[in-house]
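A short worksheet on the structure shown next.
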Amino acid sequence: MFSDDLYMPRVFRYLMLLIALHYGGGYALFAQDLKLGVEFATLFDNTEYASMKGVESGTLFGARLTPEVGLEWQEHNTLMLGADLYQDFGHNKFLSKAKLQLYYAYKAEKVRLYAGIFPRTAMRGLHSPLFFDPAYCYYNNSISGVLARYVDAESPSYVEFAMDYTGMRSYDVRESFAIMSSGKHSFDISGFLSYGYDFYMGHYAKDYNPETADGVVDNIMLTPFVGYENRGVAWMGIWPLTIDARLSYVQSLQRDRLNENVWEHPLGGELYIAFGWAGLELSNRLYVGKGSLLTYYNRYGSDLYHGMPLYRSEKGFYDAIALSYDRWFFKDTVGVTAGITMEYDGTGWGTRQWLQVSVNLNHSVSLKRNKTID
């Protein structure tokens, strides 16, 4: 696969050449900064689901490197070019996968705008595993489309909208995309108590052949919530304790237009509670509902659903108890997260163990000059 992406080093060379010509030719009308960054992550993710029905055990182990380079001007505007380079451990070929990143970003006090192929971390909402499994986010590090967010400068409140176009129109997959939105508003200036929502609308169209039983699927998920979040409570005057709690109502609407062509509407509620101290966290996520939230998983699998597959349980039940550690070191440039989860889906118990080591480095080089134009 890497042979198909040999154009990427050329793109980097062309960009660096343009920067050199731009800097040396006297065409700048305003101050600019050269932005250099690199992100590294290695992930070990192991699942043991032998006693559960309908899900498979497996191990993911690999590394990802994301270098990027670009220009920043007038403080708010950034144009970046980068690449996601993946290597699955145990594979003999050089690079398992390579993906392009290319985006424009506008960052002001209250507004964030992204357009192009930009990092998934730019999105603030939809962090529940109901929407995106952590392993999916690791192997799909970018969003291809647009994102807009408005932030209240005086509180943690925000609202955002994003569109991710994940499948180009072709014979096998006519098109697939997702429209996403989230919002959060605090009851008071402290930001402890809040309410909000996460919204996901996925559209998946495969092929035109009715004999394959693959059709056009709509997948809509809405989860309004109320929450409590406190990142520094003195417990008995000794330990700084963090508390994170969220109660969500989960409503789904799903339809396979070329098969049943009726709206399925599984629903339920989810309670998440987490207590943390010095990087350690003990959490519990409990979902109880009516029917499987992943109605057509047996037909389309992870092509349609990007969330944790345990939400597909026909029992309408999912519980996960997790003990984890998450800290950043060396001035927040090196991060370590590890943990173990005990999971129950109404049919049996399973475990998930994970370890991720991350490095995030960014640097700016000023390109300011006295001369403006030749």
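Residue numbering restarts at 1 for every chain of the structure tokens, chains are lettered A, B, ... in their displayed order, and ligands are numbered from 1 as they appear.
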So that I can see what lies close to Ala178 in chain A, please list as an mmCIF file with N, CA and C atoms, in the first residue's frame the residues with an atom at most 7 Å from it, counting only C-alpha atoms and leaving out residues fewer than 6 positions away in the same chain.
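Saved to result15.cif:
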data_model
loop_
_atom_site.group_PDB
_atom_site.id
_atom_site.type_symbol
_atom_site.label_atom_id
_atom_site.label_comp_id
_atom_site.auth_asym_id
_atom_site.auth_seq_id
_atom_site.Cartn_x
_atom_site.Cartn_y
_atom_site.Cartn_z
ATOM 1 N N MET A 163 -18.753 17.681 9.611
ATOM 2 C CA MET A 163 -19.121 16.714 8.590
ATOM 3 C C MET A 163 -17.880 15.947 8.178
ATOM 4 N N ASP A 164 -17.991 14.621 8.187
ATOM 5 C CA ASP A 164 -16.876 13.739 7.844
ATOM 6 C C ASP A 164 -17.293 12.885 6.652
ATOM 7 N N TYR A 165 -16.648 13.114 5.507
ATOM 8 C CA TYR A 165 -16.971 12.360 4.290
ATOM 9 C C TYR A 165 -16.004 11.180 4.209
ATOM 10 N N TYR A 200 -25.337 12.321 16.036
ATOM 11 C CA TYR A 200 -24.618 11.668 14.942
ATOM 12 C C TYR A 200 -25.632 11.189 13.911
ATOM 13 N N MET A 201 -25.427 11.543 12.648
ATOM 14 C CA MET A 201 -26.251 11.035 11.554
ATOM 15 C C MET A 201 -25.323 10.456 10.500
ATOM 16 N N GLY A 202 -25.325 9.146 10.388
ATOM 17 C CA GLY A 202 -24.496 8.472 9.410
ATOM 18 C C GLY A 202 -25.309 8.015 8.206
ATOM 19 N N HIS A 203 -24.719 8.135 7.043
ATOM 20 C CA HIS A 203 -25.350 7.683 5.801
ATOM 21 C C HIS A 203 -24.371 6.752 5.095
#
| request: Skip Leu280 in chain A itself and residues of its chain fewer than 3 positions away, then list as a list in words all residues within 7 Å of it, counting only C-alpha atoms. | output: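 The residues that qualify are Gly276, Trp277, Ser324, Tyr325 and Asp326 of chain A.
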| request: Compile the contact shell of Leu267 in chain A as a PyMOL selection string: residues with an atom at most 10 Å away, counting only C-alpha atoms, same-chain residues fewer than 3 positions apart removed. | output: chain A and resi 221-223+249-253+264+288-293+316
| task | Select, from A:Asn362, A:Thr295, A:Asn230, A:Ser313, the residue with the minimum atom-to-atom distance to Phe192 in chain A, counting only C-alpha atoms. | result |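 Using only C-alpha atoms, the shortest distance to Phe192 in chain A belongs to A:Asn230.
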| said: Please determine, counting only C-alpha atoms, which residue among A:Val111, A:Ala105, A:Leu130, A:Ala205 has the shortest atom-to-atom distance to Arg312 in chain A. | reply: A:Leu130
| query | If you count only C-alpha atoms, which residues fall within 8 Å of Val38 in chain A, apart from same-chain ones fewer than 4 positions away, as a list in words? | reply | Leu65, Thr66, Pro67, Glu68, Val359, Asn360, Leu361 and Asn362 of chain A
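For the set A:Asp152, A:Glu270, A:Ala338, A:Tyr300, the residue with the smallest atom-to-atom gap to Phe317 in chain A is A:Glu270, counting only C-alpha atoms.
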| message | I need the strand (DSSP E or B) residues of range 119-353 of chain A per DSSP on the backbone, written as a ChimeraX atom specification. | response | /A:119,142-151,158-167,175-186,193-205,216-235,239-256,264,267-277,280-290,317-329,334-344,349-353
Deliver the residues from the most recent selection as a file, using C-alpha atoms, as a compact mmCIF listing (two decimals), in the first residue's frame.
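Once everything was written out, this is out-v8.txt:
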# COMPACT_ATOMS: atom_id res chain seq x y z
CA PRO A 119 -6.93 15.77 13.15
CA SER A 142 -8.47 12.40 10.73
CA ILE A 143 -11.78 13.94 9.71
CA SER A 144 -12.29 14.69 6.02
CA GLY A 145 -14.63 17.64 5.71
CA VAL A 146 -15.38 20.68 7.81
CA LEU A 147 -15.79 21.64 11.46
CA ALA A 148 -17.11 24.82 13.08
CA ARG A 149 -17.28 25.56 16.80
CA TYR A 150 -18.44 28.51 18.87
CA VAL A 151 -17.03 28.77 22.40
CA TYR A 158 -19.76 25.50 23.39
CA VAL A 159 -21.62 24.24 20.32
CA GLU A 160 -20.00 22.60 17.28
CA PHE A 161 -20.89 21.09 13.92
CA ALA A 162 -18.81 18.74 11.77
CA MET A 163 -19.12 16.71 8.59
CA ASP A 164 -16.88 13.74 7.84
CA TYR A 165 -16.97 12.36 4.29
CA THR A 166 -15.62 8.82 4.73
CA GLY A 167 -16.45 7.11 1.44
CA GLU A 175 -20.88 7.10 -0.66
CA SER A 176 -20.67 7.29 3.10
CA PHE A 177 -20.55 10.31 5.36
CA ALA A 178 -21.42 11.44 8.86
CA ILE A 179 -22.93 14.70 10.10
CA MET A 180 -22.10 15.37 13.75
CA SER A 181 -22.94 18.02 16.29
CA SER A 182 -22.50 18.51 20.00
CA GLY A 183 -23.13 21.20 22.56
CA LYS A 184 -22.64 21.86 26.25
CA HIS A 185 -23.91 24.62 28.51
CA SER A 186 -23.04 25.18 32.16
CA LEU A 193 -23.16 21.37 36.47
CA SER A 194 -24.00 21.23 32.78
CA TYR A 195 -26.37 19.92 30.15
CA GLY A 196 -25.91 19.25 26.47
CA TYR A 197 -26.20 16.80 23.62
CA ASP A 198 -24.29 14.65 21.14
CA PHE A 199 -25.76 14.02 17.68
CA TYR A 200 -24.62 11.67 14.94
CA MET A 201 -26.25 11.03 11.55
CA GLY A 202 -24.50 8.47 9.41
CA HIS A 203 -25.35 7.68 5.80
CA TYR A 204 -23.98 4.53 4.19
CA ALA A 205 -24.72 3.51 0.58
CA VAL A 216 -28.64 2.37 1.72
CA VAL A 217 -28.65 2.78 5.48
CA ASP A 218 -29.45 5.74 7.71
CA ASN A 219 -28.05 5.65 11.22
CA ILE A 220 -29.11 8.47 13.57
CA MET A 221 -28.14 8.77 17.23
CA LEU A 222 -29.07 11.53 19.70
CA THR A 223 -27.92 11.59 23.32
CA PRO A 224 -29.01 14.60 25.41
CA PHE A 225 -27.35 14.59 28.84
CA VAL A 226 -26.91 16.29 32.20
CA GLY A 227 -23.50 16.20 33.83
CA TYR A 228 -21.29 17.11 36.75
CA GLU A 229 -17.55 17.68 36.38
CA ASN A 230 -15.09 18.83 39.02
CA ARG A 231 -11.35 18.63 38.40
CA GLY A 232 -10.05 19.49 41.87
CA VAL A 233 -12.03 18.57 44.99
CA ALA A 234 -10.11 18.30 48.26
CA TRP A 235 -11.28 15.02 49.78
CA TRP A 239 -6.25 14.28 48.24
CA PRO A 240 -7.26 16.32 45.19
CA LEU A 241 -10.07 14.22 43.73
CA THR A 242 -11.63 14.60 40.27
CA ILE A 243 -15.25 13.69 39.69
CA ASP A 244 -16.94 13.22 36.32
CA ALA A 245 -20.57 12.08 36.03
CA ARG A 246 -22.99 12.09 33.11
CA LEU A 247 -26.54 10.78 32.68
CA SER A 248 -27.62 10.45 29.04
CA TYR A 249 -30.81 9.54 27.23
CA VAL A 250 -30.00 7.54 24.10
CA GLN A 251 -32.36 7.62 21.11
CA SER A 252 -31.55 5.89 17.84
CA LEU A 253 -33.28 5.84 14.45
CA GLN A 254 -32.05 3.36 11.83
CA ARG A 255 -33.34 2.26 8.44
CA ASP A 256 -32.10 -0.02 5.67
CA GLU A 264 -36.02 0.93 13.88
CA LEU A 267 -33.55 3.59 22.94
CA GLY A 268 -32.16 3.57 26.44
CA GLY A 269 -30.21 5.43 29.08
CA GLU A 270 -26.53 5.54 30.04
CA LEU A 271 -24.90 6.52 33.34
CA TYR A 272 -21.17 7.24 33.48
CA ILE A 273 -19.35 7.95 36.76
CA ALA A 274 -15.58 8.36 37.22
CA PHE A 275 -13.38 9.21 40.20
CA GLY A 276 -9.75 10.19 39.62
CA TRP A 277 -6.64 10.97 41.63
CA LEU A 280 -5.53 7.10 38.35
CA GLU A 281 -9.22 6.72 37.54
CA LEU A 282 -11.94 4.28 38.52
CA SER A 283 -15.03 4.48 36.31
CA ASN A 284 -18.23 2.67 35.51
CA ARG A 285 -20.31 2.99 32.34
CA LEU A 286 -23.79 1.42 32.47
CA TYR A 287 -26.21 1.30 29.54
CA VAL A 288 -29.73 -0.13 29.84
CA GLY A 289 -32.14 -0.01 26.93
CA LYS A 290 -34.61 -1.65 24.61
CA PHE A 317 -27.48 -4.05 28.44
CA TYR A 318 -23.84 -3.06 28.66
CA ASP A 319 -21.69 -2.43 31.72
CA ALA A 320 -17.99 -1.58 31.84
CA ILE A 321 -15.90 -1.17 35.01
CA ALA A 322 -12.48 0.32 34.25
CA LEU A 323 -9.33 1.08 36.21
CA SER A 324 -6.95 3.32 34.24
CA TYR A 325 -3.93 5.61 34.45
CA ASP A 326 -3.49 8.71 32.28
CA ARG A 327 -0.70 11.27 32.73
CA TRP A 328 1.47 13.59 30.65
CA PHE A 329 5.15 14.21 31.42
CA VAL A 334 4.94 12.60 26.53
CA GLY A 335 1.73 10.89 27.58
CA VAL A 336 1.01 7.44 28.99
CA THR A 337 -2.42 5.85 29.31
CA ALA A 338 -3.07 2.28 30.39
CA GLY A 339 -5.94 0.36 31.89
CA ILE A 340 -8.12 -2.70 32.18
CA THR A 341 -11.89 -2.93 31.70
CA MET A 342 -14.31 -5.62 32.86
CA GLU A 343 -17.28 -5.67 30.49
CA TYR A 344 -20.66 -7.41 30.58
CA TRP A 349 -18.08 -11.21 30.85
CA GLY A 350 -15.06 -9.99 28.90
CA THR A 351 -11.96 -7.91 29.48
CA ARG A 352 -10.07 -5.25 27.60
CA GLN A 353 -6.48 -4.21 28.34
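Distances from A:Ala63, A:Ala278, A:Val357, A:Met123 to His91 in chain A were compared using only C-alpha atoms, and the smallest one belongs to A:Ala63.
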| request: Rank A:Lys206, A:Arg124, A:His306, A:His363 by their smallest atom-to-atom distance to Val69 in chain A, using only C-alpha atoms, and report the top residue only. | output: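 When distances to Val69 in chain A are compared using only C-alpha atoms, the smallest one comes from A:His363.
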| message | DSSP on the backbone, alpha helix (DSSP H) only: what residues of range 94-328 of chain A does that give? Format it as a PyMOL selection string. | response | chain A and resi 134-139+297-300
Next, dump the selected residues to file, keeping only C-alpha atoms, as a PDB file, in the first residue's frame.
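The resulting result.pdb:
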ATOM      1  CA  PRO A 134     -10.957   4.071  20.882  1.00  0.00           C
ATOM      2  CA  ALA A 135      -9.295   1.669  18.441  1.00  0.00           C
ATOM      3  CA  TYR A 136     -11.296   3.201  15.566  1.00  0.00           C
ATOM      4  CA  CYS A 137     -10.102   6.690  16.539  1.00  0.00           C
ATOM      5  CA  TYR A 138      -6.502   5.470  16.594  1.00  0.00           C
ATOM      6  CA  TYR A 139      -6.652   4.010  13.066  1.00  0.00           C
ATOM      7  CA  TYR A 297     -24.391  -4.878  12.720  1.00  0.00           C
ATOM      8  CA  ASN A 298     -24.691  -8.485  11.475  1.00  0.00           C
ATOM      9  CA  ARG A 299     -25.195  -7.109   7.975  1.00  0.00           C
ATOM     10  CA  TYR A 300     -22.769  -4.184   7.747  1.00  0.00           C
TER      11      TYR A 300
END
| message | One decimal, in Å: what's the spacing between CA of Leu304 in chain A and CA of Leu113 in chain A? | response | 26.9 Å
| query | Please, what distance in Å, to one decimal, runs between CA of Phe44 in chain A and CA of Phe89 in chain A? | reply |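 Atom-to-atom, CA of Phe44 in chain A to CA of Phe89 in chain A, that is 9.9 Å.
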